[in-house]
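Chemist: Pasting a structure below so you can have a look.
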Amino acid sequence: MSRRRALLTYAFVALVAGGLGFLVRGAAAGDEAPAGEMEKPIDQHALVKSLVGSWTTKATSALGAMSGTASHALECGNTILLTRTSGKAEAIGAFHGLGVLKFSADGKTATQWWFDSGMDTALVMTGPVTADGYTIEGSNKLGSSKTMLTKKGDGFELKIWADGAEFMTETQTKAK
């Protein structure tokens, strides 16, 4: 047991020493690119400020009438917006979704990775973002998708197109 512990200790020391050596060498040589800066928080972006919280949702879609909830929360040091949805659709019953929204450094472009209980692969969409919404597009093995989120009064309207055909229009109202 003590021999194993000694080997683990030596391995740990070698790992730390190697890592420190690389950092010192890089700083002294100046030939390595500087380490990336930390991502800027997005909590002051006007769209994010208005989205954070809990919402009730109602939609008309290719799957019939839908209703449910959505929540938007800041995560990872306020650098991403995490969206969770759940609800019920006439045609399929219960559904659940999870979205990870990341802004570009200048705050003008958003990329979302979307997962839901109806897809076996992520949908990655990118496009312009403003204080009043975004229009993001992308595709996965199931086809192409376009999502447009627009501020409407105190709430939002979400429209989704699948392979160019309108799939869903949803209203999001702040939960009480």
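Just so we're on the same page: first chain in the structure tokens is A, next is B, and so on; residues restart at 1 for each chain, and ligands are numbered from 1 in the order they show up.
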Please identify every residue of stretch 68-90 of chain A that has at least one atom no farther than 10 Å from an atom of stretch 102-111 of chain A, counting only C-alpha atoms, and for each give the shortest atom pair and the distance in Å to one decimal, arranged by chain then increasing number, as JSON lines.
Modeler:
{"residue": "A:Thr79", "atom": "CA", "partner": "A:Lys102", "partner_atom": "CA", "distance": 7.0}
{"residue": "A:Ile80", "atom": "CA", "partner": "A:Lys102", "partner_atom": "CA", "distance": 5.0}
{"residue": "A:Leu81", "atom": "CA", "partner": "A:Lys102", "partner_atom": "CA", "distance": 6.7}
{"residue": "A:Leu82", "atom": "CA", "partner": "A:Lys102", "partner_atom": "CA", "distance": 9.1}
Chemist: Mind writing the picked residues with C-alpha atoms as a compact mmCIF listing (two decimals), in the first residue's frame?
Modeler:
# COMPACT_ATOMS: atom_id res chain seq x y z
CA THR A 79 -21.55 33.46 -19.63
CA ILE A 80 -24.38 31.28 -20.98
CA LEU A 81 -28.17 31.31 -20.88
CA LEU A 82 -29.61 27.91 -20.02
Chemist: Can you pull out every residue within 12 Å of A:Gly93, counting only C-alpha atoms, but drop anything in the same chain fewer than 5 positions away, and send it as a list of chain:residue names?
Modeler: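 That gives A:Leu63, A:Gly64, A:Ala65, A:Met66, A:Ser67, A:Gly68, A:Ser86, A:Gly87, A:Lys88, A:Ser117, A:Gly118.
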Chemist: Write the residues you've just listed into a file as a PDB file, in the first residue's frame, and include C-alpha atoms for each of them.
Modeler:
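Output file selection.pdb follows:
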ATOM      1  CA  LEU A  63     -48.174  18.644 -33.314  1.00  0.00           C
ATOM      2  CA  GLY A  64     -51.430  20.387 -32.339  1.00  0.00           C
ATOM      3  CA  ALA A  65     -51.946  22.700 -29.384  1.00  0.00           C
ATOM      4  CA  MET A  66     -49.101  22.794 -26.873  1.00  0.00           C
ATOM      5  CA  SER A  67     -48.742  24.278 -23.385  1.00  0.00           C
ATOM      6  CA  GLY A  68     -46.019  24.204 -20.785  1.00  0.00           C
ATOM      7  CA  SER A  86     -41.428  21.104 -20.495  1.00  0.00           C
ATOM      8  CA  GLY A  87     -44.996  20.705 -21.554  1.00  0.00           C
ATOM      9  CA  LYS A  88     -47.584  18.687 -23.361  1.00  0.00           C
ATOM     10  CA  SER A 117     -36.955  14.527 -25.928  1.00  0.00           C
ATOM     11  CA  GLY A 118     -37.964  14.279 -29.596  1.00  0.00           C
TER      12      GLY A 118
END
Chemist: List every residue of stretch 116-166 of chain A that DSSP, applied to the backbone of this structure, places in strand (DSSP E), and write the result as a PyMOL selection string.
Modeler: chain A and resi 116+123-130+133-140+143-152+155-162+165-166
Chemist: As a VMD selection string, please: the residues near A:Ala165 (cut-off 12 Å, only C-alpha atoms, same-chain neighbours under 6 positions excluded).
Modeler: chain A and resid 61 to 62 143 to 147 159
Chemist: Would you compute the distance between atom CA of A:Thr135 and atom CA of A:Cys76? Give it in Å to one decimal.
Modeler: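 Atom-to-atom, atom CA of A:Thr135 to atom CA of A:Cys76, that is 23.4 Å.
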